[in-house]
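Next up, my_file28.cif (mmCIF, C-alpha atoms, pLDDT in the B column; chains and numbers go by the auth columns):
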data_work
loop_
_atom_site.group_PDB
_atom_site.id
_atom_site.type_symbol
_atom_site.label_atom_id
_atom_site.label_comp_id
_atom_site.label_asym_id
_atom_site.label_seq_id
_atom_site.Cartn_x
_atom_site.Cartn_y
_atom_site.Cartn_z
_atom_site.B_iso_or_equiv
_atom_site.auth_seq_id
_atom_site.auth_asym_id
ATOM 1 C CA MET A 1 89.141 110.173 137.249 56.00 1 A
ATOM 2 C CA ILE A 2 92.076 111.966 135.655 53.00 2 A
ATOM 3 C CA LEU A 3 94.349 114.427 137.419 52.00 3 A
ATOM 4 C CA THR A 4 96.764 116.536 135.406 56.00 4 A
ATOM 5 C CA LEU A 5 99.183 118.996 136.973 54.00 5 A
ATOM 6 C CA ILE A 6 100.370 121.780 134.679 51.00 6 A
ATOM 7 C CA PHE A 7 103.362 123.939 135.498 48.00 7 A
ATOM 8 C CA ALA A 8 102.725 127.242 133.762 47.00 8 A
ATOM 9 C CA PRO A 9 105.536 129.766 133.444 43.00 9 A
ATOM 10 C CA CYS A 10 104.965 132.928 135.464 40.00 10 A
ATOM 11 C CA SER A 11 106.762 135.080 132.903 36.00 11 A
ATOM 12 C CA THR A 12 106.592 135.097 129.124 33.00 12 A
ATOM 13 C CA LYS A 13 110.401 134.936 129.115 36.00 13 A
ATOM 14 C CA ILE A 14 110.267 131.465 130.641 38.00 14 A
ATOM 15 C CA THR A 15 108.834 128.976 128.205 33.00 15 A
ATOM 16 C CA GLY A 16 107.477 125.482 128.474 40.00 16 A
ATOM 17 C CA LYS A 17 104.921 123.559 130.462 51.00 17 A
ATOM 18 C CA MET A 18 105.228 120.369 132.413 56.00 18 A
ATOM 19 C CA ASN A 19 102.296 117.983 132.873 62.00 19 A
ATOM 20 C CA ILE A 20 102.160 115.561 135.753 65.00 20 A
ATOM 21 C CA ASP A 21 99.455 112.928 135.497 68.00 21 A
ATOM 22 C CA ILE A 22 98.152 111.259 138.638 67.00 22 A
ATOM 23 C CA LYS A 23 96.723 107.790 138.146 68.00 23 A
ATOM 24 C CA PHE A 24 94.920 105.409 140.460 64.00 24 A
ATOM 25 C CA GLU A 25 96.675 102.044 140.146 66.00 25 A
ATOM 26 C CA ASN A 26 95.892 99.036 142.349 71.00 26 A
ATOM 27 C CA GLY A 27 94.770 101.236 145.239 66.00 27 A
ATOM 28 C CA ARG A 28 97.784 103.545 144.884 71.00 28 A
ATOM 29 C CA ILE A 29 97.920 107.133 143.677 71.00 29 A
ATOM 30 C CA VAL A 30 100.869 107.307 141.295 73.00 30 A
ATOM 31 C CA PRO A 31 102.308 110.480 139.718 75.00 31 A
ATOM 32 C CA TYR A 32 103.804 110.280 136.207 74.00 32 A
ATOM 33 C CA LEU A 33 105.863 112.691 134.146 72.00 33 A
ATOM 34 C CA GLY A 34 105.262 111.408 130.636 72.00 34 A
ATOM 35 C CA PRO A 35 105.682 107.636 130.765 79.00 35 A
ATOM 36 C CA GLN A 36 107.941 107.728 133.847 79.00 36 A
ATOM 37 C CA GLU A 37 106.642 107.312 137.401 80.00 37 A
ATOM 38 C CA ILE A 38 107.830 110.173 139.606 79.00 38 A
ATOM 39 C CA THR A 39 109.603 108.876 142.661 80.00 39 A
ATOM 40 C CA MET A 40 111.759 110.488 145.323 82.00 40 A
ATOM 41 C CA GLU A 41 114.786 109.365 143.314 83.00 41 A
ATOM 42 C CA VAL A 42 113.489 111.215 140.251 79.00 42 A
ATOM 43 C CA SER A 43 112.502 114.470 141.966 80.00 43 A
ATOM 44 C CA PRO A 44 111.487 115.112 145.570 85.00 44 A
ATOM 45 C CA PHE A 45 110.398 118.610 144.496 82.00 45 A
ATOM 46 C CA LEU A 46 107.956 117.245 141.886 80.00 46 A
ATOM 47 C CA ILE A 47 106.557 114.811 144.467 83.00 47 A
ATOM 48 C CA PHE A 48 106.094 117.711 146.880 86.00 48 A
ATOM 49 C CA LEU A 49 104.281 119.822 144.282 81.00 49 A
ATOM 50 C CA ALA A 50 102.142 116.901 143.142 81.00 50 A
ATOM 51 C CA THR A 51 100.822 116.271 146.668 86.00 51 A
ATOM 52 C CA ALA A 52 98.370 119.202 146.513 85.00 52 A
ATOM 53 C CA GLY A 53 96.688 117.744 143.432 83.00 53 A
ATOM 54 C CA MET A 54 96.955 114.189 144.749 85.00 54 A
ATOM 55 C CA CYS A 55 95.274 115.227 147.997 89.00 55 A
ATOM 56 C CA SER A 56 92.523 116.986 146.035 88.00 56 A
ATOM 57 C CA ALA A 57 91.993 113.834 143.974 86.00 57 A
ATOM 58 C CA VAL A 58 91.622 111.694 147.102 88.00 58 A
ATOM 59 C CA PHE A 59 89.087 114.103 148.600 91.00 59 A
ATOM 60 C CA VAL A 60 87.090 114.385 145.344 90.00 60 A
ATOM 61 C CA GLN A 61 87.072 110.607 144.928 87.00 61 A
ATOM 62 C CA ALA A 62 85.804 110.103 148.493 91.00 62 A
ATOM 63 C CA PHE A 63 83.137 112.790 147.999 94.00 63 A
ATOM 64 C CA MET A 64 81.881 111.119 144.845 91.00 64 A
ATOM 65 C CA GLN A 65 81.884 107.623 146.358 90.00 65 A
ATOM 66 C CA GLN A 66 80.017 108.743 149.497 95.00 66 A
ATOM 67 C CA ARG A 67 77.209 110.035 147.309 95.00 67 A
ATOM 68 C CA GLY A 68 77.165 107.104 144.909 94.00 68 A
ATOM 69 C CA LEU A 69 78.397 109.283 142.048 92.00 69 A
ATOM 70 C CA SER A 70 80.692 107.957 139.352 87.00 70 A
ATOM 71 C CA THR A 71 84.131 109.508 138.921 84.00 71 A
ATOM 72 C CA GLU A 72 83.871 108.823 135.190 82.00 72 A
ATOM 73 C CA GLY A 73 84.469 112.079 133.341 82.00 73 A
ATOM 74 C CA VAL A 74 85.918 113.884 136.372 84.00 74 A
ATOM 75 C CA LYS A 75 89.198 115.625 135.668 81.00 75 A
ATOM 76 C CA ILE A 76 91.336 117.623 138.077 80.00 76 A
ATOM 77 C CA VAL A 77 93.905 119.998 136.639 76.00 77 A
ATOM 78 C CA GLN A 78 96.396 121.733 138.905 75.00 78 A
ATOM 79 C CA LYS A 79 97.986 124.765 137.259 77.00 79 A
ATOM 80 C CA MET A 80 100.969 126.375 138.881 75.00 80 A
ATOM 81 C CA ASN A 81 102.682 129.636 138.042 75.00 81 A
ATOM 82 C CA TYR A 82 106.281 128.525 138.364 72.00 82 A
ATOM 83 C CA ASN A 83 109.390 130.686 138.136 75.00 83 A
ATOM 84 C CA GLN A 84 112.311 128.585 136.880 75.00 84 A
ATOM 85 C CA PHE A 85 114.836 131.210 137.979 78.00 85 A
ATOM 86 C CA THR A 86 113.769 131.223 141.642 78.00 86 A
ATOM 87 C CA ASN A 87 112.501 127.606 141.634 74.00 87 A
ATOM 88 C CA GLN A 88 109.323 128.851 143.322 79.00 88 A
ATOM 89 C CA VAL A 89 105.634 128.319 142.671 78.00 89 A
ATOM 90 C CA HIS A 90 103.684 131.563 143.036 77.00 90 A
ATOM 91 C CA ASP A 91 100.070 130.463 142.511 79.00 91 A
ATOM 92 C CA ILE A 92 98.272 127.121 142.450 81.00 92 A
ATOM 93 C CA ASP A 93 94.872 126.822 140.747 81.00 93 A
ATOM 94 C CA ILE A 94 92.963 123.551 141.073 83.00 94 A
ATOM 95 C CA HIS A 95 90.348 123.122 138.355 83.00 95 A
ATOM 96 C CA ILE A 96 87.717 120.425 138.832 86.00 96 A
ATOM 97 C CA ASP A 97 86.127 119.496 135.514 86.00 97 A
ATOM 98 C CA LEU A 98 82.852 117.712 136.207 90.00 98 A
ATOM 99 C CA PRO A 99 80.660 115.767 133.787 89.00 99 A
ATOM 100 C CA ALA A 100 77.437 117.350 132.511 92.00 100 A
ATOM 101 C CA HIS A 101 75.335 115.015 134.687 91.00 101 A
ATOM 102 C CA PHE A 102 77.044 116.149 137.931 94.00 102 A
ATOM 103 C CA PRO A 103 74.349 117.478 140.311 95.00 103 A
ATOM 104 C CA GLU A 104 74.393 121.281 140.502 95.00 104 A
ATOM 105 C CA LYS A 105 73.567 121.104 144.229 96.00 105 A
ATOM 106 C CA TYR A 106 77.029 119.596 144.945 97.00 106 A
ATOM 107 C CA LYS A 107 79.083 122.150 143.013 95.00 107 A
ATOM 108 C CA SER A 108 79.970 124.364 145.997 96.00 108 A
ATOM 109 C CA ALA A 109 80.269 121.343 148.292 97.00 109 A
ATOM 110 C CA ILE A 110 83.023 119.809 146.157 95.00 110 A
ATOM 111 C CA VAL A 111 84.967 123.088 146.356 96.00 111 A
ATOM 112 C CA ASN A 112 84.634 122.992 150.145 96.00 112 A
ATOM 113 C CA VAL A 113 85.876 119.388 150.187 95.00 113 A
ATOM 114 C CA VAL A 114 89.008 120.262 148.203 94.00 114 A
ATOM 115 C CA ASN A 115 89.609 123.257 150.472 94.00 115 A
ATOM 116 C CA GLN A 116 89.806 120.836 153.432 95.00 116 A
ATOM 117 C CA CYS A 117 92.848 119.083 151.980 93.00 117 A
ATOM 118 C CA PRO A 118 95.551 119.112 154.700 94.00 118 A
ATOM 119 C CA VAL A 119 98.287 119.637 152.092 93.00 119 A
ATOM 120 C CA LYS A 120 96.612 122.879 151.016 91.00 120 A
ATOM 121 C CA GLN A 121 96.146 123.927 154.636 92.00 121 A
ATOM 122 C CA HIS A 122 99.851 123.415 155.340 92.00 122 A
ATOM 123 C CA LEU A 123 100.810 125.490 152.320 89.00 123 A
ATOM 124 C CA LEU A 124 98.508 128.299 153.475 91.00 124 A
ATOM 125 C CA GLN A 125 100.067 128.260 156.951 92.00 125 A
ATOM 126 C CA PRO A 126 103.544 126.818 156.448 90.00 126 A
ATOM 127 C CA PRO A 127 105.532 125.438 159.357 92.00 127 A
ATOM 128 C CA THR A 128 108.836 126.886 160.453 94.00 128 A
ATOM 129 C CA PHE A 129 111.825 124.812 159.369 93.00 129 A
ATOM 130 C CA ASN A 130 114.746 124.579 161.772 95.00 130 A
ATOM 131 C CA VAL A 131 118.009 123.115 160.538 95.00 131 A
ATOM 132 C CA ILE A 132 120.139 122.008 163.482 93.00 132 A
ATOM 133 C CA PRO A 133 123.578 120.572 162.669 92.00 133 A
ATOM 134 C CA HIS A 134 125.362 118.216 165.071 88.00 134 A
ATOM 135 C CA LEU A 135 128.925 117.029 164.806 89.00 135 A
ATOM 136 C CA ALA A 136 129.518 113.395 165.662 86.00 136 A
ATOM 137 C CA ASN A 137 131.583 114.268 168.739 79.00 137 A
ATOM 138 C CA GLU A 138 129.079 116.821 170.130 69.00 138 A
ATOM 139 C CA GLN A 139 126.509 115.904 172.749 68.00 139 A
ATOM 140 C CA THR A 140 122.965 116.551 171.661 60.00 140 A
ATOM 141 C CA ARG A 141 121.412 119.347 173.664 62.00 141 A
ATOM 142 C CA VAL A 142 117.697 119.491 174.129 60.00 142 A
ATOM 143 C CA ALA A 143 116.394 123.039 174.284 58.00 143 A
#

Output the structure of this file as structure tokens.
Amino acid sequence: MILTLIFAPCSTKITGKMNIDIKFENGRIVPYLGPQEITMEVSPFLIFLATAGMCSAVFVQAFMQQRGLSTEGVKIVQKMNYNQFTNQVHDIDIHIDLPAHFPEKYKSAIVNVVNQCPVKQHLLQPPTFNVIPHLANEQTRVA
């Protein structure tokens, strides 16, 4: 199974695309930007964005395995409308390319499986972030 994440510009004034490939290596799901593995040291933001596609890949792989279907020929492409000026992603489209022999009866089921991804669910209903600074000489107060 191949997973490619494509960052598409949200404006014609912003050019360029970025592909992130997700590979299954020795039981690990590993994101790559070109030949380089993406790690937290490289870009926490890219890791964050890649998790939606990585989660989808895990769910699709499990779906296929549970039904005895091969993942050969399956490709997941995550396309994101990304504004480089605001550093924000506006839309995420997850395309699941299935081989010709994929059973038609499972087409809507695989969409439902991807929709269950907890990463997607968190993005749809994001948590509130609270930043609480503490100076070393202050006592921590529990509210």

I'd like to see the residues matched by the PyMOL selection byres ((chain A and resi 42-57) around 9) on this file, and ideally I'd get them as number ranges by chain. A: 1-5, 20, 22, 29-31, 37-41, 58-62, 75-78, 89, 92, 94, 113-120, 123

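Atom to atom, CA of His95 in chain A and CA of Thr128 in chain A stand 29.1 Å apart.
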
CA of Glu104 in chain A to CA of Val74 in chain A, distance in Å rounded to a single decimal: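 Answer for the CA of Glu104 in chain A to CA of Val74 in chain A separation: 14.3 Å.
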
So that I can see what lies close to Leu69 in chain A, please list as a list in words the residues with an atom at most 10 Å from it, counting only C-alpha atoms and leaving out residues fewer than 4 positions away in the same chain.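 Everything that qualifies: Gln61, Ala62, Phe63, Met64, Gln65, His101, Phe102 and Pro103 of chain A.
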
Near Lys107 in chain A, within 10 Å and counting only C-alpha atoms, which residues show up once chain neighbours fewer than 5 positions away are dropped, as a list in words? Ile96, Leu98, Phe102 and Asn112 of chain A

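The gap separating CA of Gly73 in chain A from CA of Ala100 in chain A is 8.8 Å, in Å to one decimal.
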
Reconstruct range 96-116 of chain A at the level of N, CA and C atoms, and format the result as an mmCIF file, in the coordinates of the input.
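The resulting result_12.cif:
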data_model
loop_
_atom_site.group_PDB
_atom_site.id
_atom_site.type_symbol
_atom_site.label_atom_id
_atom_site.label_comp_id
_atom_site.auth_asym_id
_atom_site.auth_seq_id
_atom_site.Cartn_x
_atom_site.Cartn_y
_atom_site.Cartn_z
ATOM 1 N N ILE A 96 88.439 121.695 138.755
ATOM 2 C CA ILE A 96 87.717 120.425 138.832
ATOM 3 C C ILE A 96 86.719 120.409 137.691
ATOM 4 N N ASP A 97 87.030 119.640 136.659
ATOM 5 C CA ASP A 97 86.127 119.496 135.514
ATOM 6 C C ASP A 97 85.166 118.356 135.827
ATOM 7 N N LEU A 98 83.886 118.676 135.843
ATOM 8 C CA LEU A 98 82.852 117.712 136.207
ATOM 9 C C LEU A 98 82.007 117.364 134.990
ATOM 10 N N PRO A 99 81.506 116.142 134.930
ATOM 11 C CA PRO A 99 80.660 115.767 133.787
ATOM 12 C C PRO A 99 79.338 116.530 133.804
ATOM 13 N N ALA A 100 78.689 116.598 132.651
ATOM 14 C CA ALA A 100 77.437 117.350 132.511
ATOM 15 C C ALA A 100 76.352 116.861 133.464
ATOM 16 N N HIS A 101 76.377 115.568 133.814
ATOM 17 C CA HIS A 101 75.335 115.015 134.687
ATOM 18 C C HIS A 101 75.616 115.235 136.178
ATOM 19 N N PHE A 102 76.723 115.907 136.529
ATOM 20 C CA PHE A 102 77.044 116.149 137.931
ATOM 21 C C PHE A 102 75.970 117.050 138.539
ATOM 22 N N PRO A 103 75.425 116.675 139.713
ATOM 23 C CA PRO A 103 74.349 117.478 140.311
ATOM 24 C C PRO A 103 74.813 118.886 140.690
ATOM 25 N N GLU A 104 74.085 119.867 140.229
ATOM 26 C CA GLU A 104 74.393 121.281 140.502
ATOM 27 C C GLU A 104 74.462 121.552 142.004
ATOM 28 N N LYS A 105 73.626 120.851 142.788
ATOM 29 C CA LYS A 105 73.567 121.104 144.229
ATOM 30 C C LYS A 105 74.873 120.769 144.951
ATOM 31 N N TYR A 106 75.761 119.980 144.317
ATOM 32 C CA TYR A 106 77.029 119.596 144.945
ATOM 33 C C TYR A 106 78.225 120.435 144.474
ATOM 34 N N LYS A 107 77.981 121.382 143.596
ATOM 35 C CA LYS A 107 79.083 122.150 143.013
ATOM 36 C C LYS A 107 79.888 122.906 144.080
ATOM 37 N N SER A 108 79.232 123.636 144.961
ATOM 38 C CA SER A 108 79.970 124.364 145.997
ATOM 39 C C SER A 108 80.506 123.413 147.064
ATOM 40 N N ALA A 109 79.814 122.314 147.289
ATOM 41 C CA ALA A 109 80.269 121.343 148.292
ATOM 42 C C ALA A 109 81.595 120.707 147.885
ATOM 43 N N ILE A 110 81.774 120.436 146.595
ATOM 44 C CA ILE A 110 83.023 119.809 146.157
ATOM 45 C C ILE A 110 84.198 120.786 146.297
ATOM 46 N N VAL A 111 83.932 122.076 146.125
ATOM 47 C CA VAL A 111 84.967 123.088 146.356
ATOM 48 C C VAL A 111 85.351 123.086 147.836
ATOM 49 N N ASN A 112 84.361 123.027 148.701
ATOM 50 C CA ASN A 112 84.634 122.992 150.145
ATOM 51 C C ASN A 112 85.433 121.753 150.539
ATOM 52 N N VAL A 113 85.151 120.636 149.897
ATOM 53 C CA VAL A 113 85.876 119.388 150.187
ATOM 54 C C VAL A 113 87.346 119.544 149.812
ATOM 55 N N VAL A 114 87.621 120.072 148.637
ATOM 56 C CA VAL A 114 89.008 120.262 148.203
ATOM 57 C C VAL A 114 89.719 121.265 149.116
ATOM 58 N N ASN A 115 89.000 122.269 149.578
ATOM 59 C CA ASN A 115 89.609 123.257 150.472
ATOM 60 C C ASN A 115 90.003 122.659 151.827
ATOM 61 N N GLN A 116 89.464 121.502 152.175
ATOM 62 C CA GLN A 116 89.806 120.836 153.432
ATOM 63 C C GLN A 116 91.089 120.020 153.346
#
